[in-house]
Each structure stands twice: as structure tokens, then as C-alpha cells.
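Okay, upload-v1.cif now, which holds mmCIF, C-alpha atoms:
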data_coords
loop_
_atom_site.label_atom_id
_atom_site.label_comp_id
_atom_site.auth_asym_id
_atom_site.auth_seq_id
_atom_site.Cartn_x
_atom_site.Cartn_y
_atom_site.Cartn_z
CA MET A 1 116.80 115.94 83.52
CA SER A 2 119.23 115.36 86.36
CA GLU A 3 120.78 118.37 88.05
CA GLY A 4 123.68 118.44 90.50
CA LEU A 5 124.01 119.55 94.24
CA THR A 6 126.20 116.66 95.21
CA THR A 7 125.84 117.25 98.94
CA ALA A 8 122.84 118.36 100.96
CA PRO A 9 123.09 121.73 102.73
CA ALA A 10 123.24 121.87 106.54
CA TRP A 11 120.04 123.89 106.74
CA ALA A 12 118.07 120.95 105.38
CA LEU A 13 118.97 118.64 108.25
CA SER A 14 118.25 121.33 110.84
CA ALA A 15 114.85 121.99 109.23
CA LEU A 16 113.99 118.29 109.17
CA ASP A 17 114.97 118.02 112.84
CA SER A 18 112.52 120.78 113.74
CA LEU A 19 109.70 119.39 111.59
CA LEU A 20 109.96 115.94 113.15
CA ALA A 21 110.17 117.43 116.65
CA ARG A 22 106.91 119.19 115.81
CA VAL A 23 105.42 115.78 114.91
CA ALA A 24 105.97 114.61 118.49
CA VAL A 25 104.34 117.76 119.88
CA THR A 26 101.40 117.37 117.51
CA ARG A 27 100.95 113.70 118.42
CA ALA A 28 100.71 114.59 122.10
CA GLY A 29 98.17 117.30 121.36
CA VAL A 30 95.79 115.46 119.02
CA SER A 31 95.77 111.99 120.64
CA ASP A 32 93.95 109.58 118.30
CA ARG A 33 92.47 112.31 116.09
CA PHE A 34 93.94 113.56 112.82
CA PRO A 35 95.44 117.07 112.54
CA LEU A 36 94.18 119.16 109.63
CA TYR A 37 95.43 122.74 110.05
CA ALA A 38 96.88 124.76 112.93
CA ASP A 39 96.46 128.34 114.06
CA PRO A 40 99.57 130.31 113.02
CA ASP A 41 99.75 132.13 116.36
CA THR A 42 99.01 129.38 118.88
CA GLY A 43 99.92 126.25 116.92
CA THR A 44 96.65 124.64 118.04
CA TRP A 45 95.34 122.10 115.57
CA LYS A 46 91.91 121.78 114.01
CA THR A 47 91.39 118.02 113.95
CA THR A 48 89.14 115.41 112.39
CA ALA A 49 88.01 112.11 113.85
CA ARG A 50 88.48 109.96 110.72
CA GLY A 51 91.14 111.82 108.78
CA SER A 52 89.12 113.13 105.83
CA TRP A 53 91.30 113.36 102.69
CA THR A 54 94.38 114.37 104.69
CA GLY A 55 94.74 111.43 107.09
CA GLY A 56 97.48 109.77 105.10
CA PHE A 57 99.75 112.77 105.50
CA TRP A 58 99.64 112.45 109.27
CA ALA A 59 100.37 108.74 109.03
CA GLY A 60 103.22 109.53 106.64
CA LEU A 61 104.74 112.04 109.04
CA LEU A 62 104.55 109.53 111.88
CA TRP A 63 106.31 106.91 109.74
CA LEU A 64 109.00 109.39 108.76
CA ARG A 65 109.61 110.24 112.43
CA ALA A 66 109.69 106.54 113.34
CA ARG A 67 112.32 105.89 110.68
CA TYR A 68 114.27 108.94 111.79
CA THR A 69 114.35 108.09 115.50
CA GLY A 70 114.11 104.30 115.46
CA ASP A 71 112.09 104.62 118.66
CA ALA A 72 109.62 101.83 119.47
CA ALA A 73 106.98 104.30 120.68
CA ASP A 74 107.19 106.24 117.41
CA LEU A 75 106.87 103.02 115.44
CA GLU A 76 103.78 101.98 117.40
CA ALA A 77 102.19 105.41 116.92
CA ALA A 78 102.70 105.16 113.16
CA ARG A 79 101.18 101.68 113.02
CA ALA A 80 98.19 102.72 115.12
CA CYS A 81 97.51 105.75 112.95
CA THR A 82 97.77 103.67 109.77
CA ALA A 83 95.27 101.17 111.18
CA ARG A 84 92.79 104.02 111.72
CA LEU A 85 92.80 104.68 107.96
CA ALA A 86 91.31 101.26 107.18
CA ASP A 87 87.73 102.50 106.78
CA TRP A 88 88.81 104.65 103.84
CA ALA A 89 90.07 101.74 101.72
CA GLU A 90 86.66 101.12 100.15
CA ALA A 91 85.38 104.70 100.41
CA ASP A 92 84.18 106.17 97.12
CA THR A 93 86.82 108.85 96.65
CA ALA A 94 89.80 109.34 94.35
CA THR A 95 91.64 110.95 97.27
CA ARG A 96 92.41 107.40 98.36
CA GLY A 97 95.52 107.84 96.25
CA LEU A 98 96.77 110.55 98.60
CA THR A 99 95.67 108.62 101.67
CA PHE A 100 97.05 105.19 100.90
CA TRP A 101 100.10 106.01 98.82
CA TYR A 102 101.56 108.85 100.84
CA GLY A 103 100.25 107.36 104.07
CA THR A 104 102.15 104.11 103.49
CA VAL A 105 105.07 104.92 101.18
CA LEU A 106 107.37 105.34 104.20
CA ALA A 107 105.80 102.57 106.25
CA GLU A 108 107.65 99.56 107.56
CA ASP A 109 104.28 97.80 107.77
CA ASP A 110 101.29 99.08 105.78
CA LEU A 111 99.00 96.47 107.40
CA GLY A 112 97.95 95.28 103.95
CA LEU A 113 96.04 98.52 103.39
CA ARG A 114 97.94 99.67 100.30
CA ASP A 115 97.06 96.58 98.27
CA ARG A 116 93.50 96.54 99.60
CA ALA A 117 92.97 100.19 98.64
CA ALA A 118 94.67 99.73 95.25
CA ARG A 119 92.34 96.89 94.32
CA ALA A 120 89.30 98.83 95.50
CA CYS A 121 90.39 101.79 93.37
CA LEU A 122 90.87 99.51 90.36
CA ASN A 123 87.34 98.21 90.89
CA ALA A 124 86.16 101.83 90.80
CA PHE A 125 88.04 102.53 87.56
CA ASP A 126 85.57 103.50 84.82
CA PRO A 127 86.87 102.20 81.46
CA GLU A 128 84.53 104.47 79.49
CA LEU A 129 85.78 107.59 81.26
CA GLY A 130 89.33 106.29 81.51
CA LEU A 131 89.75 107.19 85.16
CA VAL A 132 88.73 106.59 88.75
CA PRO A 133 85.94 109.14 89.31
CA TRP A 134 86.25 111.69 92.11
CA GLY A 135 83.50 109.83 93.96
CA SER A 136 80.67 110.59 96.34
CA ALA A 137 82.36 110.23 99.74
CA PHE A 138 82.45 113.98 100.36
CA GLY A 139 79.07 114.80 98.78
CA GLY A 140 78.26 116.41 95.47
CA PRO A 141 78.33 114.82 92.02
CA ARG A 142 80.27 111.57 91.71
CA LEU A 143 81.44 111.75 88.09
CA LEU A 144 84.09 114.41 88.48
CA ALA A 145 87.69 114.53 87.33
CA ARG A 146 89.60 116.66 89.87
CA VAL A 147 93.31 117.29 89.81
CA ASP A 148 93.66 116.43 93.51
CA GLY A 149 92.42 112.95 92.70
CA VAL A 150 95.49 112.24 90.53
CA PRO A 151 98.64 112.28 92.72
CA GLY A 152 99.04 109.14 94.76
CA MET A 153 96.38 107.45 92.63
CA VAL A 154 98.88 107.04 89.78
CA SER A 155 101.32 105.18 92.02
CA LEU A 156 98.59 103.27 93.87
CA LEU A 157 96.87 102.01 90.70
CA ALA A 158 100.22 101.12 89.17
CA THR A 159 100.76 98.48 91.86
CA VAL A 160 97.86 96.50 90.38
CA ASP A 161 97.38 97.81 86.82
CA ALA A 162 99.94 100.14 85.23
CA GLU A 163 97.76 100.89 82.20
CA ALA A 164 94.88 102.01 84.43
CA ALA A 165 97.34 104.32 86.21
CA ARG A 166 98.53 105.83 82.93
CA SER A 167 94.96 106.19 81.69
CA HIS A 168 93.90 107.97 84.89
CA LEU A 169 96.71 110.50 84.46
CA ARG A 170 96.24 110.81 80.70
CA ARG A 171 92.55 111.70 81.04
CA HIS A 172 93.24 114.34 83.69
CA LEU A 173 96.03 115.87 81.62
CA ASP A 174 93.77 116.05 78.59
CA LEU A 175 91.07 117.79 80.60
CA CYS A 176 93.06 120.00 82.94
CA LEU A 177 95.59 121.23 80.41
CA GLY A 178 93.29 121.15 77.43
CA ALA A 179 91.60 124.48 78.20
CA GLN A 180 92.92 128.02 78.56
CA PRO A 181 93.16 128.99 81.32
CA PHE A 182 93.78 125.56 82.81
CA ARG A 183 90.81 124.01 84.60
CA TRP A 184 91.31 121.74 87.61
CA SER A 185 87.87 120.16 87.93
CA TRP A 186 85.48 118.69 85.33
CA ARG A 187 82.06 117.08 85.55
CA HIS A 188 80.88 114.29 83.30
CA THR A 189 77.21 114.12 82.34
CA PRO A 190 76.09 110.94 80.52
CA GLY A 191 75.01 111.78 77.01
CA THR A 192 76.58 115.24 77.20
CA GLY A 193 80.19 114.72 78.13
CA TRP A 194 82.64 116.81 80.13
CA SER A 195 82.07 120.37 81.32
CA THR A 196 84.22 122.58 83.52
CA CYS A 197 83.52 123.29 87.20
CA VAL A 198 84.13 126.65 88.83
CA ASP A 199 85.76 125.21 91.95
CA PRO A 200 88.70 125.14 92.30
CA PRO A 201 89.37 128.24 90.18
CA PRO A 202 91.88 128.36 87.31
CA GLY A 203 94.43 130.25 89.42
CA TRP A 204 94.44 127.70 92.24
CA SER A 205 97.95 127.20 93.59
CA ARG A 206 97.77 123.45 94.12
CA GLY A 207 96.42 122.65 90.66
CA PRO A 208 99.83 122.69 88.94
CA SER A 209 101.54 121.23 92.03
CA TRP A 210 99.29 118.18 92.28
CA LEU A 211 99.56 117.48 88.57
CA LEU A 212 103.35 117.90 88.60
CA LEU A 213 103.55 115.40 91.46
CA ALA A 214 101.47 112.94 89.45
CA LEU A 215 103.85 113.39 86.51
CA ALA A 216 106.76 112.61 88.81
CA GLU A 217 105.00 109.42 89.87
CA ALA A 218 104.30 108.44 86.26
CA ALA A 219 107.92 109.05 85.25
CA ARG A 220 108.83 105.92 87.22
CA LEU A 221 106.37 103.71 85.35
CA PRO A 222 107.13 101.76 82.18
CA GLY A 223 106.21 104.09 79.34
CA GLY A 224 106.02 107.04 81.71
CA ASP A 225 108.10 109.21 79.40
CA GLU A 226 104.98 109.80 77.30
CA PHE A 227 104.06 112.52 79.81
CA SER A 228 107.40 114.32 80.06
CA GLU A 229 106.40 117.12 77.67
CA HIS A 230 104.02 118.48 80.29
CA VAL A 231 106.62 119.03 83.01
CA ALA A 232 107.86 122.45 81.84
CA THR A 233 104.27 123.68 81.59
CA LEU A 234 103.68 123.07 85.28
CA VAL A 235 106.96 124.22 86.87
CA PRO A 236 106.14 127.45 88.73
CA GLY A 237 107.82 130.76 88.11
CA ARG A 238 107.89 131.70 91.81
CA PRO A 239 109.15 129.54 94.69
CA VAL A 240 106.00 130.16 96.75
CA PRO A 241 102.97 130.88 94.55
CA PRO A 242 99.93 132.97 95.47
CA ALA A 243 97.03 130.87 96.67
CA ASP A 244 95.15 132.14 93.62
CA THR A 245 96.86 133.92 90.75
CA ALA A 246 93.74 136.06 90.39
CA HIS A 247 94.73 137.62 93.74
CA PRO A 248 98.51 138.12 93.40
CA GLY A 249 98.66 140.37 96.47
CA GLY A 250 96.73 137.92 98.64
CA PRO A 251 97.86 134.95 100.70
CA ARG A 252 100.49 132.61 99.33
CA ASP A 253 100.48 128.82 99.61
CA THR A 254 103.57 127.18 101.03
CA SER A 255 101.90 123.77 100.80
CA ALA A 256 101.84 124.06 97.00
CA ALA A 257 105.55 124.93 97.06
CA ALA A 258 106.38 121.90 99.22
CA ILE A 259 104.45 119.58 96.89
CA THR A 260 106.28 121.07 93.92
CA ALA A 261 109.66 120.61 95.60
CA LEU A 262 109.12 116.89 96.09
CA ALA A 263 107.90 116.52 92.50
CA LEU A 264 110.97 118.33 91.15
CA LEU A 265 113.30 116.15 93.19
CA ARG A 266 111.62 113.04 91.81
CA LEU A 267 111.96 114.43 88.30
CA GLY A 268 115.70 114.98 88.78
CA LEU A 269 115.46 118.79 88.97
CA ARG A 270 117.38 118.94 92.24
CA ASP A 271 118.69 122.52 92.10
CA ARG A 272 115.25 123.95 91.42
CA ALA A 273 113.77 121.88 94.22
CA ALA A 274 116.51 122.93 96.64
CA ALA A 275 115.88 126.61 95.88
CA ILE A 276 112.21 126.20 96.77
CA LEU A 277 113.02 124.28 99.93
CA GLU A 278 115.53 126.89 101.07
CA GLU A 279 112.95 129.63 100.56
CA LEU A 280 110.39 127.69 102.61
CA VAL A 281 112.87 127.04 105.41
CA ASP A 282 114.29 130.58 105.51
CA SER A 283 111.05 132.52 105.25
CA HIS A 284 108.15 130.32 106.36
CA LEU A 285 109.36 127.61 108.79
CA THR A 286 109.32 128.50 112.48
CA VAL A 287 112.03 127.45 114.90
CA ASP A 288 109.63 124.91 116.41
CA GLY A 289 108.96 123.24 113.05
CA ARG A 290 105.71 124.79 111.81
CA LEU A 291 105.43 125.55 108.09
CA LEU A 292 103.24 128.64 108.04
CA ASP A 293 101.53 130.53 105.21
CA GLY A 294 99.72 127.54 103.79
CA CYS A 295 96.31 128.31 102.31
CA TYR A 296 93.60 125.67 102.65
CA ASP A 297 90.70 127.45 100.89
CA LEU A 298 90.98 131.10 99.91
CA ALA A 299 87.44 131.40 98.51
CA ALA A 300 85.93 130.12 101.77
CA ALA A 301 88.45 132.08 103.88
CA THR A 302 89.41 128.84 105.63
CA ALA A 303 92.93 128.60 107.10
CA VAL A 304 94.48 131.04 104.64
CA ARG A 305 97.83 131.61 106.44
CA HIS A 306 98.08 128.45 108.48
CA GLU A 307 100.18 125.39 109.11
CA LEU A 308 98.66 122.61 107.00
CA ILE A 309 99.28 118.94 107.67
CA TRP A 310 100.06 118.20 104.03
CA GLY A 311 102.42 121.18 103.86
CA ASP A 312 104.38 119.78 106.80
CA PHE A 313 104.38 116.32 105.24
CA PHE A 314 105.61 117.30 101.81
CA LEU A 315 108.25 119.64 103.22
CA ALA A 316 109.56 116.91 105.54
CA TYR A 317 109.46 114.27 102.79
CA ALA A 318 111.22 116.55 100.31
CA LEU A 319 113.92 117.44 102.85
CA ALA A 320 114.46 113.75 103.57
CA GLU A 321 114.78 113.14 99.83
CA LEU A 322 117.23 116.03 99.47
CA LEU A 323 119.34 114.76 102.35
CA GLY A 324 119.51 111.26 100.92
CA HIS A 325 117.66 108.19 102.08
CA GLU A 326 120.56 106.88 104.12
CA ALA A 327 120.60 110.02 106.26
CA VAL A 328 117.11 109.45 107.63
CA GLY A 329 116.55 105.75 107.17
CA VAL A 330 114.03 106.14 104.34
CA GLY A 331 113.95 103.05 102.14
#
Could you render the structure from this file as C-alpha cells?
Amino acid sequence: MSEGLTTAPAWALSALDSLLARVAVTRAGVSDRFPLYADPDTGTWKTTARGSWTGGFWAGLLWLRARYTGDAADLEAARACTARLADWAEADTATRGLTFWYGTVLAEDDLGLRDRAARACLNAFDPELGLVPWGSAFGGPRLLARVDGVPGMVSLLATVDAEAARSHLRRHLDLCLGAQPFRWSWRHTPGTGWSTCVDPPPGWSRGPSWLLLALAEAARLPGGDEFSEHVATLVPGRPVPPADTAHPGGPRDTSAAAITALALLRLGLRDRAAAILEELVDSHLTVDGRLLDGCYDLAAATAVRHELIWGDFFLAYALAELLGHEAVGVG
């Protein structure tokens, strides 16, 4: 599926410069807390003490900056942030895939946390259900299959058990894409089986993006080509999708577009990815490196046109990928 763009455009390097400059500003503002989303007018971050499900994206951004600058202070900040993720390694949540894969994939030293988290996730793998359940760490029912528990988890599980990784993805594909319209969350009841959940809704922007990213991860596994037929189903028609297709005139979600761009690059669809990235940079990235118009939760009216930490991360990571690893020191 490889596409051409043999050289990276100049706008990509300029955009990455601004994003990683923003990382330094954010680090000074949040201290040892984790940024979650920032006000689009002031740039002030809403933060969390422990990182929630997004802590790995902040660690990942710090590692990318450290690789980019080679500065000892940046390297120490990345290590310190990664160390603060340790309590999540055994937490009962499938979002550990996001935390410990994307939080360490760029790390020079993952402090042993990736392997520790991978083995804990494998211990949580339910052979009867064929997946790592969503878990109870954030409240609510434990036996869920949610699409945001797939990306990262595929790669993380694969480091210790490739078949468990494929099974985890296979089960989510069967569920999420097995209904019309697609459903992004399912609950399992013993003796009854799987039933759909109303949240997130079928038109949720990040549903296809997360699943496409998981497919890109699986494509690198032995036997990963079994999933390739699903790629075309999940590639978006618009560079920046609405936060919910049920509200086409409402807020859009640049974070979903950034996730999609990285997935497309990993799948070899470079031209399509570059078109999305250029749209994000031209229309949604501020001069001081803030990716605006991300939508955290439209139904709850939470941060619907904001800078989101995972939007910044995936945009920066995708730009680094587009530019070529040697340009930014990414191994």
C-alpha cells in the first residue's frame, strides 16, 4: 500500500518545531502534573495528578522533545514523567496500552515499565472473551470491550504474546464493525453475551481513528495481514471529521485526524496522511504550537474546541514520522 512523497515538505519541520517548543512551555506550566486539555484562548492547561488515561501522551511528547534537542534537562524531564506512570502498570484498565506503548515507544529508557505493564495486561487477558477487558479503574462495569482500549494494547501485548494481541484486536473488530451503524463499546454479561453501549455514540470521531491505529500496529505483526481488509472501511472521507457525525455542523475533532494521520503513515498511505497533516497545520495549529479544535467529549460539553494532549502528541509523532526518523533522532 506504499505511496510516494519522497521528501518531506518544509511546513512539516516548522510545525514540529512549534509543537516541541510548546512542550517546553507546557512543562514549565504544569510542573509534575499531567496536562489533559488547554483553553483555546489562554492556553492554560487542565491537569491531573496521576495522568488518567492520557499520561502516556505527555511522557511521549517529552521523549520526542528530548530526542529532538538532545538536551540533558529534557531527557531528565522525560525520565521523571515516565517514572510517575509506574502506578498504572497494574491498574485494571485496557487504556494501559495507550499509556505504556505510546508513553515509551520513543523512550531511551522505559525504566522497565513497558515489559511490566505488558505482562500485567497479559495476566488480565480473558481467554473466554478473547480480549483484555476494559477494566474497573475508572468505574462502571468491568467487562466492556471499548475501541479506545485497542490501540497501544495490540503492540504492548505483542511484546509478550502475539496471539493474545491478535485476539484482542480480532474480538474488537468483530464487535465494533459487526453492527450497522458501527458501535464502539460493548458490555459482556455472563450467560447473556455481548450487548451494545450507548456511549460513545456510533458517530464518535475517534472510534474509526483508534481502530485504524490498532490495524496499523497489527500490520507489523506476523500474520497481521489478516486484518488488512478493514483498512478501507475506516479511512475517513474528510481530513478533519466532525466530533460526532450526528452533528455535522458541530465541533470537529483534530485529535481524531492526528491519530488517523499516524495510522495512515504506518500503513504506507503517505500521501493521504500528508494531506491530513497539512490541513491540521494550515488551519488548526497556532504559531505557538497549539493544535486547537480537538473535542474531548461532545455529549458532556467538555473541552469541545480545545488543545488536547493526545492531539498534540499524535500530530508531533506523525510529523516526525513524515520527516523521517533521522531528521529528529527517533529510533
Can you pull out every residue within 8 Å of Val240 (chain A), counting all atoms listed in the file, but drop anything in the same chain fewer than 5 positions away, and send it as JSON, numbers by chain? {"A": [252, 253, 254, 256, 257, 276, 279, 280]}
Would you write out those residues with C-alpha atoms, as a short mmCIF file (atom, residue, chain, number, x, y, z; two decimals), in the coordinates of the input?
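Below is the file part-v7.cif, written as the result:
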data_model
loop_
_atom_site.label_atom_id
_atom_site.label_comp_id
_atom_site.auth_asym_id
_atom_site.auth_seq_id
_atom_site.Cartn_x
_atom_site.Cartn_y
_atom_site.Cartn_z
CA ARG A 252 100.49 132.61 99.33
CA ASP A 253 100.48 128.82 99.61
CA THR A 254 103.57 127.18 101.03
CA ALA A 256 101.84 124.06 97.00
CA ALA A 257 105.55 124.93 97.06
CA ILE A 276 112.21 126.20 96.77
CA GLU A 279 112.95 129.63 100.56
CA LEU A 280 110.39 127.69 102.61
#
Go through the shown structure with the PyMOL selection byres ((chain A and resi 303) around 10) and write out the matching residues as a ChimeraX atom specification. /A:36-40,46,293-298,300-302,304-308
Starting from the PyMOL selection byres ((chain A and resi 227-232) around 9), expand the selection into actual residues of this file and give them as JSON, numbers by chain. {"A": [169, 170, 173, 177, 212, 215, 216, 218, 219, 223, 224, 225, 226, 233, 234, 235, 236, 267]}
Taking only residues of region 82-190 of chain A that have an atom at most 7 Å from an atom of region 57-71 of chain A, what is each one's shortest atom pair and its distance in Å to one decimal, using all atoms listed in the file, in chain and number order, as JSON lines?
{"residue": "A:Thr82", "atom": "CA", "partner": "A:Ala59", "partner_atom": "CA", "distance": 5.7}
{"residue": "A:Thr99", "atom": "CA", "partner": "A:Phe57", "partner_atom": "CA", "distance": 7.0}
{"residue": "A:Tyr102", "atom": "CA", "partner": "A:Gly60", "partner_atom": "CA", "distance": 6.1}
{"residue": "A:Gly103", "atom": "CA", "partner": "A:Gly60", "partner_atom": "CA", "distance": 4.5}
{"residue": "A:Thr104", "atom": "CA", "partner": "A:Gly60", "partner_atom": "CA", "distance": 6.4}
{"residue": "A:Leu106", "atom": "CA", "partner": "A:Trp63", "partner_atom": "CA", "distance": 5.9}
{"residue": "A:Ala107", "atom": "CA", "partner": "A:Trp63", "partner_atom": "CA", "distance": 5.6}
Would you translate the PyMOL selection byres ((chain A and resi 197) around 10) into the concrete set of residues it matches in this file, as an NGL selection string? :A and (144-146 or 183-187 or 194-196 or 198-202)
Which residues are close to Val281 (chain A), i.e. within 12 Å by all atoms listed in the file, leaving aside same-chain residues fewer than 5 positions away? Reply as number ranges by chain. A: 9-19, 239-240, 254, 257-258, 274-276, 286-293, 312, 315-316, 318-319
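With CA of Arg166 (chain A) on one side and CA of Leu113 (chain A) on the other, the separation reads 21.9 Å.
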Counting only C-alpha atoms, which of A:Ala165, A:Val160, A:Ala78, A:Leu211 gets nearest to Arg116 (chain A)? A:Val160
Would you kindly place all heavy atoms on region 163-174 of chain A and return the model as a PDB file, in the frame of the given file?
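For reference, rebuild.pdb as written:
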ATOM      1  N   GLU A 163      98.471 100.193  83.266  1.00  0.00           N
ATOM      2  CA  GLU A 163      97.760 100.890  82.200  1.00  0.00           C
ATOM      3  C   GLU A 163      96.609 101.718  82.756  1.00  0.00           C
ATOM      4  O   GLU A 163      96.325 102.815  82.271  1.00  0.00           O
ATOM      5  CB  GLU A 163      97.247  99.918  81.148  1.00  0.00           C
ATOM      6  CG  GLU A 163      96.504 100.595  79.989  1.00  0.00           C
ATOM      7  CD  GLU A 163      97.253 101.785  79.385  1.00  0.00           C
ATOM      8  OE1 GLU A 163      98.488 101.718  79.244  1.00  0.00           O
ATOM      9  OE2 GLU A 163      96.590 102.796  79.061  1.00  0.00           O
ATOM     10  N   ALA A 164      95.928 101.222  83.783  1.00  0.00           N
ATOM     11  CA  ALA A 164      94.880 102.010  84.430  1.00  0.00           C
ATOM     12  C   ALA A 164      95.477 103.276  85.036  1.00  0.00           C
ATOM     13  O   ALA A 164      94.878 104.359  84.971  1.00  0.00           O
ATOM     14  CB  ALA A 164      94.177 101.187  85.505  1.00  0.00           C
ATOM     15  N   ALA A 165      96.669 103.157  85.631  1.00  0.00           N
ATOM     16  CA  ALA A 165      97.340 104.320  86.210  1.00  0.00           C
ATOM     17  C   ALA A 165      97.655 105.358  85.136  1.00  0.00           C
ATOM     18  O   ALA A 165      97.412 106.560  85.318  1.00  0.00           O
ATOM     19  CB  ALA A 165      98.623 103.883  86.913  1.00  0.00           C
ATOM     20  N   ARG A 166      98.208 104.892  84.011  1.00  0.00           N
ATOM     21  CA  ARG A 166      98.530 105.830  82.930  1.00  0.00           C
ATOM     22  C   ARG A 166      97.271 106.455  82.354  1.00  0.00           C
ATOM     23  O   ARG A 166      97.244 107.648  82.036  1.00  0.00           O
ATOM     24  CB  ARG A 166      99.318 105.099  81.832  1.00  0.00           C
ATOM     25  CG  ARG A 166     100.762 104.777  82.220  1.00  0.00           C
ATOM     26  CD  ARG A 166     101.562 104.271  81.027  1.00  0.00           C
ATOM     27  NE  ARG A 166     101.084 102.950  80.611  1.00  0.00           N
ATOM     28  CZ  ARG A 166     101.611 101.805  81.031  1.00  0.00           C
ATOM     29  NH1 ARG A 166     102.615 101.813  81.884  1.00  0.00           N
ATOM     30  NH2 ARG A 166     101.143 100.655  80.603  1.00  0.00           N
ATOM     31  N   SER A 167      96.217 105.672  82.218  1.00  0.00           N
ATOM     32  CA  SER A 167      94.960 106.190  81.690  1.00  0.00           C
ATOM     33  C   SER A 167      94.373 107.261  82.606  1.00  0.00           C
ATOM     34  O   SER A 167      93.874 108.296  82.141  1.00  0.00           O
ATOM     35  CB  SER A 167      93.955 105.043  81.511  1.00  0.00           C
ATOM     36  OG  SER A 167      92.696 105.532  81.103  1.00  0.00           O
ATOM     37  N   HIS A 168      94.428 107.009  83.904  1.00  0.00           N
ATOM     38  CA  HIS A 168      93.900 107.970  84.890  1.00  0.00           C
ATOM     39  C   HIS A 168      94.625 109.310  84.745  1.00  0.00           C
ATOM     40  O   HIS A 168      93.983 110.371  84.696  1.00  0.00           O
ATOM     41  CB  HIS A 168      94.101 107.402  86.298  1.00  0.00           C
ATOM     42  CG  HIS A 168      93.513 108.225  87.384  1.00  0.00           C
ATOM     43  ND1 HIS A 168      92.158 108.262  87.657  1.00  0.00           N
ATOM     44  CD2 HIS A 168      94.101 109.054  88.290  1.00  0.00           C
ATOM     45  CE1 HIS A 168      91.939 109.071  88.680  1.00  0.00           C
ATOM     46  NE2 HIS A 168      93.100 109.560  89.082  1.00  0.00           N
ATOM     47  N   LEU A 169      95.942 109.266  84.629  1.00  0.00           N
ATOM     48  CA  LEU A 169      96.710 110.500  84.460  1.00  0.00           C
ATOM     49  C   LEU A 169      96.442 111.122  83.097  1.00  0.00           C
ATOM     50  O   LEU A 169      96.250 112.341  82.983  1.00  0.00           O
ATOM     51  CB  LEU A 169      98.203 110.204  84.625  1.00  0.00           C
ATOM     52  CG  LEU A 169      99.154 111.364  84.346  1.00  0.00           C
ATOM     53  CD1 LEU A 169      98.846 112.570  85.225  1.00  0.00           C
ATOM     54  CD2 LEU A 169     100.604 110.916  84.528  1.00  0.00           C
ATOM     55  N   ARG A 170      96.424 110.303  82.067  1.00  0.00           N
ATOM     56  CA  ARG A 170      96.240 110.810  80.700  1.00  0.00           C
ATOM     57  C   ARG A 170      94.927 111.582  80.579  1.00  0.00           C
ATOM     58  O   ARG A 170      94.882 112.672  79.997  1.00  0.00           O
ATOM     59  CB  ARG A 170      96.254 109.631  79.727  1.00  0.00           C
ATOM     60  CG  ARG A 170      96.376 109.994  78.265  1.00  0.00           C
ATOM     61  CD  ARG A 170      96.411 108.730  77.410  1.00  0.00           C
ATOM     62  NE  ARG A 170      97.558 107.887  77.692  1.00  0.00           N
ATOM     63  CZ  ARG A 170      97.483 106.616  78.097  1.00  0.00           C
ATOM     64  NH1 ARG A 170      96.283 106.048  78.276  1.00  0.00           N
ATOM     65  NH2 ARG A 170      98.574 105.916  78.324  1.00  0.00           N
ATOM     66  N   ARG A 171      93.851 111.032  81.136  1.00  0.00           N
ATOM     67  CA  ARG A 171      92.550 111.700  81.040  1.00  0.00           C
ATOM     68  C   ARG A 171      92.568 113.042  81.774  1.00  0.00           C
ATOM     69  O   ARG A 171      92.054 114.045  81.271  1.00  0.00           O
ATOM     70  CB  ARG A 171      91.458 110.811  81.630  1.00  0.00           C
ATOM     71  CG  ARG A 171      90.074 111.463  81.677  1.00  0.00           C
ATOM     72  CD  ARG A 171      89.552 111.805  80.297  1.00  0.00           C
ATOM     73  NE  ARG A 171      89.224 110.595  79.564  1.00  0.00           N
ATOM     74  CZ  ARG A 171      89.003 110.541  78.261  1.00  0.00           C
ATOM     75  NH1 ARG A 171      89.089 111.634  77.542  1.00  0.00           N
ATOM     76  NH2 ARG A 171      88.717 109.392  77.671  1.00  0.00           N
ATOM     77  N   HIS A 172      93.186 113.076  82.946  1.00  0.00           N
ATOM     78  CA  HIS A 172      93.240 114.340  83.690  1.00  0.00           C
ATOM     79  C   HIS A 172      94.113 115.373  82.981  1.00  0.00           C
ATOM     80  O   HIS A 172      93.788 116.565  82.978  1.00  0.00           O
ATOM     81  CB  HIS A 172      93.747 114.093  85.116  1.00  0.00           C
ATOM     82  CG  HIS A 172      92.710 113.524  86.028  1.00  0.00           C
ATOM     83  ND1 HIS A 172      92.432 112.177  86.097  1.00  0.00           N
ATOM     84  CD2 HIS A 172      91.870 114.125  86.913  1.00  0.00           C
ATOM     85  CE1 HIS A 172      91.471 111.968  86.984  1.00  0.00           C
ATOM     86  NE2 HIS A 172      91.116 113.133  87.494  1.00  0.00           N
ATOM     87  N   LEU A 173      95.201 114.939  82.377  1.00  0.00           N
ATOM     88  CA  LEU A 173      96.030 115.870  81.620  1.00  0.00           C
ATOM     89  C   LEU A 173      95.260 116.452  80.439  1.00  0.00           C
ATOM     90  O   LEU A 173      95.308 117.665  80.179  1.00  0.00           O
ATOM     91  CB  LEU A 173      97.291 115.174  81.116  1.00  0.00           C
ATOM     92  CG  LEU A 173      98.372 114.866  82.149  1.00  0.00           C
ATOM     93  CD1 LEU A 173      99.405 113.913  81.564  1.00  0.00           C
ATOM     94  CD2 LEU A 173      99.044 116.146  82.628  1.00  0.00           C
ATOM     95  N   ASP A 174      94.552 115.589  79.734  1.00  0.00           N
ATOM     96  CA  ASP A 174      93.770 116.050  78.590  1.00  0.00           C
ATOM     97  C   ASP A 174      92.748 117.102  78.997  1.00  0.00           C
ATOM     98  O   ASP A 174      92.555 118.110  78.302  1.00  0.00           O
ATOM     99  CB  ASP A 174      93.049 114.875  77.915  1.00  0.00           C
ATOM    100  CG  ASP A 174      93.999 113.951  77.168  1.00  0.00           C
ATOM    101  OD1 ASP A 174      95.156 114.352  76.931  1.00  0.00           O
ATOM    102  OD2 ASP A 174      93.570 112.824  76.833  1.00  0.00           O
TER     103      ASP A 174
END
